[in-house]
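**Q** The structure that follows is given in the form of structure tokens.
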Amino acid sequence: MAPRTHWLFGDQLGPHFLDPRHGGPDAHSPVLMIESRSVLRRRRFHRAKAHLVLSAMRHRADELGDRVHYVRAQTYAEGLAEAGAGVGGHRLTVCHPTSRAALDFVTARDEVDVLAARGFLLPRAEFGVWAREHKGDRLRMEGFYRWVRRRHELLMDGDEPAGGTWNLDHDNREPPPRGRPTLEAPAPYSPAEDEIDDEVRHDLDRWERDGEVSFVGRDGPRRFPVTRREALAALRRFVSHRLGDFGRYEDAMLAADPVMSHSLLSVPLNLGLLDPAECVERAERAWRAGEAPLNSVEGFVRQIAGWREYVWQLYWHFGEDYRNRNALRHTAPLPDWFLDLDADAVTANCLSTTLAQVRDTGWTHHIPRLMVLGSRALQDGWNPAAVTDWFHRCFVDGYDWVMLPNVVGMSQYADGGRMTTKPYTSGGAYINKMSDLCAPCAYRPTDRTGERACPYTAGYWAFLHRHRTALSANHRMARAVKGLDRLKDLDQLLDESAQRGGRAP
Ligand code: FAD
Ligand code: SF4
């Protein structure tokens with residue numbers, strides 16, 4: 001019998017998606033890839049993101065040579081028809097896709113057999129067992145992360161966590177070094193573009209000119225890996241040269257050094273070019289060889305084996321209606337300056353700097369995402385589904401599975417606390433402590449009212465006031481809410497916030 005064709009989605013590009021072991025596709029099976037134009041037409045993506053995905057798919061097709069049938073079609077259904085799927089008993093296999101819409105699509109096709117998911121540490125069923133064991137409790141990342149560490153024997157010495165402690169967060173929350181504009185860390189891996197990138201740019205230009213698609217952001221020189229070779233080079237460079245300082249300044253921000261010691265590996269991980277297991281295993285090896293300190297290695301393992309894995313599992317666990325959760329009843333539309341990444345329209349230095357990073361690269365690290373962009377949306381009461389859509393479109397590593405828990409749950413508290421114990425938002429004091437962004441700002445982090453009132457400080461109190469009843473029932477917020485009673489200028493603060501409306505702060 002001829003081997004079944006294996007269909008690769010655009011985020012299933014590493015060798016592990018074609019590995020026949022452990023229930024994978026047939027060895028030497030022909031491969032189908034479908035470049036669907038309608039995906040780009042439906043939404044206004046960051047152009048650098050469209051570039052990365054198309055470049056990565058076309059590079060993979062180039063590597064697979066005659067083995068692959070690469071179809072350019074308007075939709076997946078059209079692509080399958082063109083490939084003759086289902087005709088004359090032509091059956092396909094596909095690894096479990098990463099979005100619910102894609103999973104529904106493939107499971108509804110009689111001619112497609114869906115194989116187990118790859119690119120994550122745990123099968124979905126195993127997470128189900130863990131979640132059932134914790135039924136009645138709120139699911140929390142920390143417990144899950146420890147369970148994964150035990151299960152995968154990651155950073156473990158026998159039954160004990162390496163170094164005698166599970167959590168080194170207290171070593172990993174330092175403010176940036178004062179008086180230094182950059183961390184002076186060795187530069188991250190930087191890929192060289194080739195003729196496939198030129199072809200992608202040419203196509204994107206043409207489609208834009210023809211009015212077929214519209215993008216946001218700048219498609220500057222490509223910064224992220226699109227092939228397995230590039231992804232491995234990026235991982236090697238990070239572990240050998242940059243992992244050492246990863247932990248200490250993980251939450252800090254520097255205007256002139258957006259990347260600091262972050263790994264920049266979310267793109268190759270989410271394109272499926274790297275397997276999370278190889279990333280954490282390499283980091284652990286570096287620690288055991290005395291090449292990186294435990295706080296950095298534990299911090300990195302926590303991000304991948306903890307957060308990334310947890311978010312993937314929660315996406316499926318929470319179900320489809322999670323995307324429409326709006327516990328705080330926030331309905332304001334996103335303002336145009338935000339939608340257009342118009343950093344120049346913004347006076348607040350933290351927000352303008354972060355928006356410019358997103359405009360120019362489609363990437364910022366987790367704290368600007370959470371405490372600058374997400375916090376602005378939360379304080380101003382923007383609709384969480386629209387905020388999720390914005391993050392998905394504008395970030396080079398954004399996919400449905402990773403966006404929903406991170407934005408609906410973590411950043412917008414729209415799930416009423418299923419994912420986090422409290423809303424993540426703060427006044428300017430936090431941003432001032434953790435960055436060098438406030439000193440040159442036209443606003444002052446300490447000012448709640450008046451001409452130099454910091455929009456984050458004023459916004460924080462206005463947010464607490466608006467949700468006073470709901471938040472005072474939350475034991476982690478009750479004290480902050482009580483603080484409202486001590487504010488003598490609350491009425492003025494609320495008046496000024498209302499006057500600002502959707503204007504860029
Ligand atoms: P590092 O700081 O070097 O971390 C290492 C790796 O850990 C990352 O590459 C990533 O794979 C993983 N990781 C860490 N935290 C998370 C998390 N919360 N969810 C998933 N993976 C995580 N990450 C995405 O991959 N795609 C997104 O679209 C995305 N959207 C986010 C939106 C918001 C509002 C927030 C708060 C976080 C979001 N994250 C997202 C998580 C995190 O910000 C990025 O993974 C990280 O900034 C990517 O840069 P890095 O590779 O240098 O990460
Ligand atoms: Fe941002 Fe406020 Fe600091 Fe300005 S003063 S950078 S608006 S936190």
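Please note that chains go A, B, ... in the order of the structure tokens, that every chain numbers its residues from 1, and that ligands are numbered from 1 in the order shown.
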Mind checking which residues fall within 6 Å of region 459-469 of chain A, counting only C-alpha atoms, ignoring those fewer than 3 positions away in the same chain, and posting them as a list in words?
**A**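 Counting only C-alpha atoms, the residues come to Gln379, Ser426, Gly427, Pro455, Tyr456 and Ser472 of chain A.
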**Q** Show me a table, sorted first by chain and then by increasing residue number, of the residues of chain A having an atom at most 6 Å from ligand 2, each with its shortest atom pair and the distance in Å to one decimal, counting only C-alpha atoms and all ligand atoms and written as CSV.
**A**
```
residue,atom,partner,partner_atom_place_in_ligand_line,distance
A:Ala348,CA,ligand 2,7 (S),4.0
A:Asn349,CA,ligand 2,6 (S),4.4
A:Cys350,CA,ligand 2,6 (S),4.2
A:Gly428,CA,ligand 2,8 (S),3.7
A:Ile431,CA,ligand 2,8 (S),5.2
A:Asn432,CA,ligand 2,3 (Fe),5.6
A:Leu437,CA,ligand 2,6 (S),4.7
A:Cys438,CA,ligand 2,3 (Fe),3.6
A:Cys441,CA,ligand 2,4 (Fe),4.6
A:Tyr443,CA,ligand 2,5 (S),4.5
A:Arg444,CA,ligand 2,5 (S),4.2
A:Pro445,CA,ligand 2,5 (S),4.0
A:Cys454,CA,ligand 2,2 (Fe),4.1
A:Pro455,CA,ligand 2,7 (S),5.5
A:Tyr456,CA,ligand 2,2 (Fe),5.5
```
**Q** Got a sec to check which residues lie within 7 Å of ligand 1, using only C-alpha atoms and all ligand atoms, and send them as number ranges by chain?
**A** A: 250, 262-267, 269-270, 300, 303-304, 307-308, 311, 364-367, 369-370, 374, 391-392, 395, 397-399, 402-403, 406-407, 410-411
**Q** Show which residues sit within 12 Å of Gly290 (chain A), as a list in words. Count only C-alpha atoms, and ignore same-chain residues fewer than 6 positions away.
**A**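 Residues near the query, excluding close chain neighbours: Ser240, Gly244, Ala283, Glu284 and Val297 of chain A.
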**Q** Could you save the residues just selected, with N, CA and C atoms, as a PDB file, in the first residue's frame?
**A**
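Saved result, again-v2.pdb, follows:
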```pdb
ATOM      1  N   SER A 240      24.944  29.221  25.055  1.00  0.00           N
ATOM      2  CA  SER A 240      26.381  29.399  25.292  1.00  0.00           C
ATOM      3  C   SER A 240      26.738  30.803  25.747  1.00  0.00           C
ATOM      4  N   GLY A 244      23.363  32.894  30.860  1.00  0.00           N
ATOM      5  CA  GLY A 244      23.891  33.215  32.189  1.00  0.00           C
ATOM      6  C   GLY A 244      23.186  34.381  32.852  1.00  0.00           C
ATOM      7  N   ALA A 283      19.654  23.691  28.340  1.00  0.00           N
ATOM      8  CA  ALA A 283      19.879  24.648  29.427  1.00  0.00           C
ATOM      9  C   ALA A 283      20.331  23.895  30.686  1.00  0.00           C
ATOM     10  N   GLU A 284      19.677  22.778  30.966  1.00  0.00           N
ATOM     11  CA  GLU A 284      20.069  22.011  32.157  1.00  0.00           C
ATOM     12  C   GLU A 284      21.513  21.516  32.029  1.00  0.00           C
ATOM     13  N   VAL A 297      18.950  29.223  34.740  1.00  0.00           N
ATOM     14  CA  VAL A 297      18.500  27.989  34.098  1.00  0.00           C
ATOM     15  C   VAL A 297      17.102  27.627  34.598  1.00  0.00           C
TER      16      VAL A 297
END
```
**Q** List the spatial neighbours of Ala85 (chain A) as a compact mmCIF listing (two decimals) with C-alpha atoms, in the first residue's frame - criterion: any atom at most 12 Å away, only C-alpha atoms, same-chain residues fewer than 3 positions off excluded.
**A**
```txt
# COMPACT_ATOMS: atom_id res chain seq x y z
CA ARG A 4 -0.33 8.14 3.18
CA THR A 5 0.53 11.77 2.45
CA HIS A 6 1.35 13.77 5.57
CA TRP A 7 0.02 17.33 5.71
CA VAL A 31 4.31 15.66 2.29
CA LEU A 32 1.64 18.23 1.54
CA HIS A 69 3.65 18.97 -2.86
CA TYR A 76 -7.22 24.89 2.94
CA ALA A 77 -10.26 23.17 1.39
CA GLU A 78 -9.19 24.36 -2.05
CA GLY A 79 -5.62 23.24 -1.35
CA LEU A 80 -6.78 19.75 -0.34
CA ALA A 81 -8.91 19.50 -3.46
CA GLU A 82 -5.97 20.52 -5.63
CA GLY A 88 -9.49 7.36 -5.19
CA GLY A 89 -8.95 6.55 -1.53
CA HIS A 90 -6.07 9.08 -1.17
CA ARG A 91 -5.81 9.51 2.59
CA LEU A 92 -3.76 11.95 4.63
CA THR A 93 -2.33 12.15 8.10
CA VAL A 106 -9.28 18.42 9.98
CA ARG A 109 -12.65 15.63 6.88
CA ASP A 110 -13.19 11.90 6.36
CA GLU A 111 -9.97 11.53 4.38
CA VAL A 112 -7.74 12.98 7.13
CA ASP A 113 -6.39 10.97 10.09
```
